[in-house]
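S.K.: Just passing along the structure, written as structure tokens.
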Amino acid sequence: MRDLVLRAETVQKVKAMIEDKLIKDNVQTALVIDGAGNILAHCGKDTDGLDAISLAALTAANFGATSQIAKLIGENDFSLLYHKGEKANIHFARIGTELILISIFGDDVSLGLVRVRVEELAAAIKTIFEG
Amino acid sequence: MALIDLGKKEVHCKIVYYGAGRCGKTTNLLYIYNAMSDSDRGKMLTIDTKGDRTLFFDLLPLNLGKISGFDIRIQLYTVPGQVMYEATRKLVLKGVDGLVFVADPLKVRQERNIESLNDLERNVGEHGLDLADMPLVLQYNKRDLVDTPVPTLSVEELEQDLNQKYQVPAYEAIATKGDGVFETLKEISKLTVNYVAKRHLFNR
């Protein structure tokens with residue numbers, strides 16, 4: 001893994017896209033992180049008490065762990081993970097090989113919408129970061 | 001893999017505390033957490049469901065001030081030391097910028113220390129890195145056991161076992177009391193920040 005140098009304009013561009021595709025439609029928070037658990041972009045409401053650093057570290061580790069589960073059933077990796085809570089839900093999607101997009105949303109947002117939007121975003125974000 | 005955020009003027013580095021099971025990695029982080037002020041530390045995350053053993057990892061984020069106008073943010077991680085958690089250790093090492101190897105002085109753990117260092121070498125290698133090129137500091141922990149009847153290894157023996165190849169800075173420590181904990185942290189932070197800054201900040 002090489003070092004990642006983030007330019008302000010890159011982050012702005014990614015944030016604008018996330019705002020447009022997810023936050024505008026009531027997704028509470030969205031984060032782009034890398035496989036080491038670093039936060040590259042953080043959008044939306046800063047949900048009270050959301051510890052983004054821990055969330056990023058655990059997500060990166062969780063993807064590592066589930067990719068081992070994937071291998072047990074003959075898959076190379078799982079490209080998305082979803083956890084449903086009572087009020088809050090969380091959706092994780094892999095972007096390329098190194099990045100992960102996390103979306104946190106309530107029951108007022110449909111999972112289908114999040115999945116479609118995340119898929120659109122993933123392709124665009126991958127192009128921006130990985131060229 | 002460090003993250004350099006030019007917009008926010010922040011540098012993020014990952015330092016991993018490595019070593020055999022029960023050598024005191026989490027104890028180091030806990031001491032640092034308790035000794036630092038709220039403004040310089042984030043929340044400490046630990047996942048230790050199996051007794052007092054780390055199951056996944058511990059994480060402690062710290063702010064270490066500014067260099068060349070950039071805020072230096074460090075994330076300290078530990079790995080589970082037990083042999084069977086090799087996959088987890090490999091996972092935590094992803095994107096590592098600096099390493100602390102904590103050694104247990106108990107004579108009965110001599111082989112475990114050596115095995116763990118070999119395991120580190122191998123796992124770092126699987127991420128395409130060479131331990132010889134990376135910031136590395138050794139910590140000879142639990143030096144208070146030397147004065148007890150329990151058979152322990154001398155610093156010379158530990159040097160012989162663990163530091164012949166890399167010849168890196170090594171510190172004696174008693175992590176439960178904090179002796180040597182900040183000396184270790186200071187040295188690894190300095191080496192790691194230099195390692196990252198040399199590549200990015202100073203040649204801009």
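Letters for chains follow the order of the structure tokens (A, B, ...), residue numbers begin at 1 for each chain, and ligand numbers begin at 1 in the order shown.
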Taking only residues of chain B that have an atom at most 7 Å from an atom of chain A, what is each one's shortest atom pair and its distance in Å to one decimal, using only C-alpha atoms, in chain and number order, as a Markdown table?
M.R.:
```
| residue | atom | partner | partner_atom | distance |
| --- | --- | --- | --- | --- |
| B:Met1 | CA | A:Asp3 | CA | 4.5 |
| B:Ala2 | CA | A:Asp3 | CA | 5.0 |
| B:Leu3 | CA | A:Leu4 | CA | 4.9 |
| B:Ile4 | CA | A:Val5 | CA | 4.7 |
| B:Asp5 | CA | A:Leu6 | CA | 4.7 |
| B:Leu6 | CA | A:Arg7 | CA | 5.2 |
| B:Gly7 | CA | A:Ala8 | CA | 4.0 |
| B:Leu45 | CA | A:Ser54 | CA | 6.7 |
| B:Leu91 | CA | A:Gly64 | CA | 6.3 |
| B:Lys94 | CA | A:Ala36 | CA | 5.5 |
| B:Gly95 | CA | A:Ala36 | CA | 5.0 |
```
S.K.: Would you pick out the contacts of Phe56 (chain B) at 7 Å or less, using only C-alpha atoms, so that residues sharing its chain but fewer than 4 positions from it are not included, and give the list as an MDAnalysis selection string?
M.R.: chainID B and resid 47 79:80 88
S.K.: Identify, on the basis of only C-alpha atoms, every residue whose closest approach to Leu113 (chain A) does not exceed 12 Å; exclude the query and any residue fewer than 2 positions from it along the same chain; express the result as a list of chain:residue names.
M.R.: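 Residues near the query, excluding close chain neighbours: A:Lys21, A:Leu22, A:Ile23, A:Asp25, A:Asn26, A:Val27, A:His91, A:Ser103, A:Phe105, A:Asp107, A:Asp108, A:Val109, A:Ser110, A:Leu111, A:Arg115, A:Val116, A:Arg117, A:Val118, A:Glu119, A:Glu120.
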S.K.: Keeping N, CA and C atoms for every residue in the selection just given, could you write it to a file as a JSON list (two decimals), in the first residue's frame?
M.R.:
```json
[["chain", "number", "residue", "atom", "x", "y", "z"],
["A", 21, "LYS", "N", -25.99, 12.64, -3.82],
["A", 21, "LYS", "CA", -26.60, 11.32, -4.03],
["A", 21, "LYS", "C", -27.19, 10.73, -2.75],
["A", 22, "LEU", "N", -26.62, 11.06, -1.59],
["A", 22, "LEU", "CA", -27.08, 10.38, -0.37],
["A", 22, "LEU", "C", -27.66, 11.34, 0.67],
["A", 23, "ILE", "N", -26.92, 12.36, 1.02],
["A", 23, "ILE", "CA", -27.33, 13.22, 2.14],
["A", 23, "ILE", "C", -28.63, 13.97, 1.81],
["A", 25, "ASP", "N", -31.00, 12.94, 0.20],
["A", 25, "ASP", "CA", -32.13, 12.02, 0.34],
["A", 25, "ASP", "C", -32.19, 11.38, 1.73],
["A", 26, "ASN", "N", -31.73, 12.15, 2.72],
["A", 26, "ASN", "CA", -31.90, 11.77, 4.13],
["A", 26, "ASN", "C", -30.96, 10.74, 4.72],
["A", 27, "VAL", "N", -29.93, 10.33, 3.98],
["A", 27, "VAL", "CA", -28.91, 9.48, 4.61],
["A", 27, "VAL", "C", -28.21, 10.37, 5.64],
["A", 91, "HIS", "N", -24.76, 0.59, 5.96],
["A", 91, "HIS", "CA", -24.47, -0.09, 4.72],
["A", 91, "HIS", "C", -23.01, 0.18, 4.39],
["A", 103, "SER", "N", -22.51, 4.12, 4.77],
["A", 103, "SER", "CA", -23.69, 4.99, 4.83],
["A", 103, "SER", "C", -24.53, 4.61, 6.04],
["A", 105, "PHE", "N", -28.19, 5.33, 7.90],
["A", 105, "PHE", "CA", -29.50, 5.92, 7.59],
["A", 105, "PHE", "C", -30.59, 5.33, 8.45],
["A", 107, "ASP", "N", -35.00, 4.60, 9.20],
["A", 107, "ASP", "CA", -36.03, 3.84, 8.52],
["A", 107, "ASP", "C", -36.77, 4.63, 7.45],
["A", 108, "ASP", "N", -36.54, 5.95, 7.42],
["A", 108, "ASP", "CA", -37.20, 6.78, 6.41],
["A", 108, "ASP", "C", -36.53, 6.65, 5.04],
["A", 109, "VAL", "N", -35.41, 5.95, 4.98],
["A", 109, "VAL", "CA", -34.72, 5.79, 3.70],
["A", 109, "VAL", "C", -34.75, 4.32, 3.32],
["A", 110, "SER", "N", -35.09, 4.03, 2.06],
["A", 110, "SER", "CA", -35.17, 2.61, 1.70],
["A", 110, "SER", "C", -33.80, 2.07, 1.36],
["A", 111, "LEU", "N", -33.61, 0.80, 1.71],
["A", 111, "LEU", "CA", -32.32, 0.15, 1.44],
["A", 111, "LEU", "C", -32.05, 0.12, -0.06],
["A", 115, "ARG", "N", -28.73, 1.36, -2.00],
["A", 115, "ARG", "CA", -27.91, 0.46, -2.82],
["A", 115, "ARG", "C", -27.67, 1.01, -4.22],
["A", 116, "VAL", "N", -28.73, 1.55, -4.81],
["A", 116, "VAL", "CA", -28.59, 2.10, -6.17],
["A", 116, "VAL", "C", -27.64, 3.28, -6.16],
["A", 117, "ARG", "N", -27.86, 4.20, -5.20],
["A", 117, "ARG", "CA", -27.03, 5.41, -5.15],
["A", 117, "ARG", "C", -25.57, 5.08, -4.85],
["A", 118, "VAL", "N", -25.38, 4.13, -3.92],
["A", 118, "VAL", "CA", -24.01, 3.76, -3.55],
["A", 118, "VAL", "C", -23.28, 3.17, -4.76],
["A", 119, "GLU", "N", -24.01, 2.40, -5.53],
["A", 119, "GLU", "CA", -23.39, 1.81, -6.72],
["A", 119, "GLU", "C", -22.96, 2.89, -7.71],
["A", 120, "GLU", "N", -23.82, 3.88, -7.89],
["A", 120, "GLU", "CA", -23.46, 4.99, -8.79],
["A", 120, "GLU", "C", -22.23, 5.72, -8.26]]
```
S.K.: Excluding Ala175 (chain B) and residues on its chain fewer than 4 positions from it, collect all residues at most 12 Å away from it, counting only C-alpha atoms, and give them as a count of residues only.
M.R.: 29
S.K.: If DSSP is run on the backbone, what residues of region 34-80 of chain B are strand (DSSP E or B)? A reply as an mmCIF file with C-alpha atoms, in the first residue's frame would be ideal.
M.R.:
```
data_model
loop_
_atom_site.group_PDB
_atom_site.id
_atom_site.type_symbol
_atom_site.label_atom_id
_atom_site.label_comp_id
_atom_site.auth_asym_id
_atom_site.auth_seq_id
_atom_site.Cartn_x
_atom_site.Cartn_y
_atom_site.Cartn_z
ATOM 1 C CA ARG B 41 -6.264 11.692 22.953
ATOM 2 C CA LEU B 45 -11.376 1.200 21.629
ATOM 3 C CA THR B 46 -10.684 -2.287 22.927
ATOM 4 C CA LYS B 50 -11.888 -13.513 25.992
ATOM 5 C CA ARG B 53 -6.857 -11.144 26.134
ATOM 6 C CA ASP B 58 -7.084 -2.046 20.590
ATOM 7 C CA LEU B 59 -7.019 1.406 19.088
ATOM 8 C CA LEU B 60 -5.943 4.676 20.669
ATOM 9 C CA PRO B 61 -5.877 7.860 18.538
ATOM 10 C CA LEU B 62 -3.485 10.636 19.670
ATOM 11 C CA ASN B 63 -2.665 14.184 18.567
ATOM 12 C CA LEU B 64 1.037 14.867 18.658
ATOM 13 C CA GLY B 65 1.201 18.562 17.753
ATOM 14 C CA LYS B 66 2.431 20.191 14.533
ATOM 15 C CA ILE B 67 5.306 19.701 12.129
ATOM 16 C CA PHE B 70 0.709 19.868 9.640
ATOM 17 C CA ASP B 71 -1.184 18.360 12.585
ATOM 18 C CA ILE B 72 0.293 14.972 13.393
ATOM 19 C CA ARG B 73 -2.333 12.393 14.282
ATOM 20 C CA ILE B 74 -1.229 8.948 15.330
ATOM 21 C CA GLN B 75 -3.312 5.851 15.758
ATOM 22 C CA LEU B 76 -1.854 3.255 18.100
ATOM 23 C CA TYR B 77 -3.035 -0.310 17.516
ATOM 24 C CA THR B 78 -2.278 -3.553 19.296
#
```
S.K.: Set the distance at 10 Å and use only C-alpha atoms: which residues neighbour Val196 (chain B) once local chain neighbours fewer than 3 positions away are removed? I'd like the list as an MDAnalysis selection string.
M.R.: (chainID A and resid 3) or (chainID B and resid 1:4 11:13 97:98 135 191:193 199:202)
S.K.: Print the selection's residues with C-alpha atoms to a file, as an mmCIF file, in the first residue's frame.
M.R.:
```cif
data_model
loop_
_atom_site.group_PDB
_atom_site.id
_atom_site.type_symbol
_atom_site.label_atom_id
_atom_site.label_comp_id
_atom_site.auth_asym_id
_atom_site.auth_seq_id
_atom_site.Cartn_x
_atom_site.Cartn_y
_atom_site.Cartn_z
ATOM 1 C CA ASP A 3 0.843 6.553 1.049
ATOM 2 C CA MET B 1 0.464 3.751 4.613
ATOM 3 C CA ALA B 2 0.180 7.241 5.918
ATOM 4 C CA LEU B 3 -2.653 9.546 4.936
ATOM 5 C CA ILE B 4 -1.677 13.120 4.165
ATOM 6 C CA VAL B 11 -0.880 13.682 8.646
ATOM 7 C CA HIS B 12 -2.291 10.359 9.912
ATOM 8 C CA CYS B 13 0.094 7.539 10.805
ATOM 9 C CA ASP B 97 3.789 3.030 9.306
ATOM 10 C CA GLY B 98 5.695 2.168 12.493
ATOM 11 C CA PRO B 135 10.532 2.389 11.852
ATOM 12 C CA LEU B 191 10.975 7.628 13.725
ATOM 13 C CA THR B 192 7.543 7.171 12.125
ATOM 14 C CA VAL B 193 6.847 10.850 11.542
ATOM 15 C CA ARG B 199 8.744 11.265 1.687
ATOM 16 C CA HIS B 200 6.121 14.001 1.610
ATOM 17 C CA LEU B 201 6.481 17.156 3.651
ATOM 18 C CA PHE B 202 10.142 18.049 3.362
#
```
S.K.: Can you list, as a PyMOL selection string, every residue of region 3-193 of chain B that DSSP puts in helix (DSSP H, G or I)?
M.R.: chain B and resi 25-35+38-40+83-92+107-126+131-133+143-147+155-162+181-193
S.K.: Considering only C-alpha atoms, return as a PyMOL selection string whatever protein or nucleic-acid residues lie within 12 Å of Glu111 (chain B), sequence-local ones (same chain, fewer than 6 positions apart) excluded.
M.R.: chain B and resi 19-20+103-105+117-118+153+158+161-162
S.K.: Provide the CA of Tyr17 (chain B) to CA of Thr59 (chain A) distance in Å, to one decimal place.
M.R.: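 Distance reported for this atom pair: 20.0 Å.
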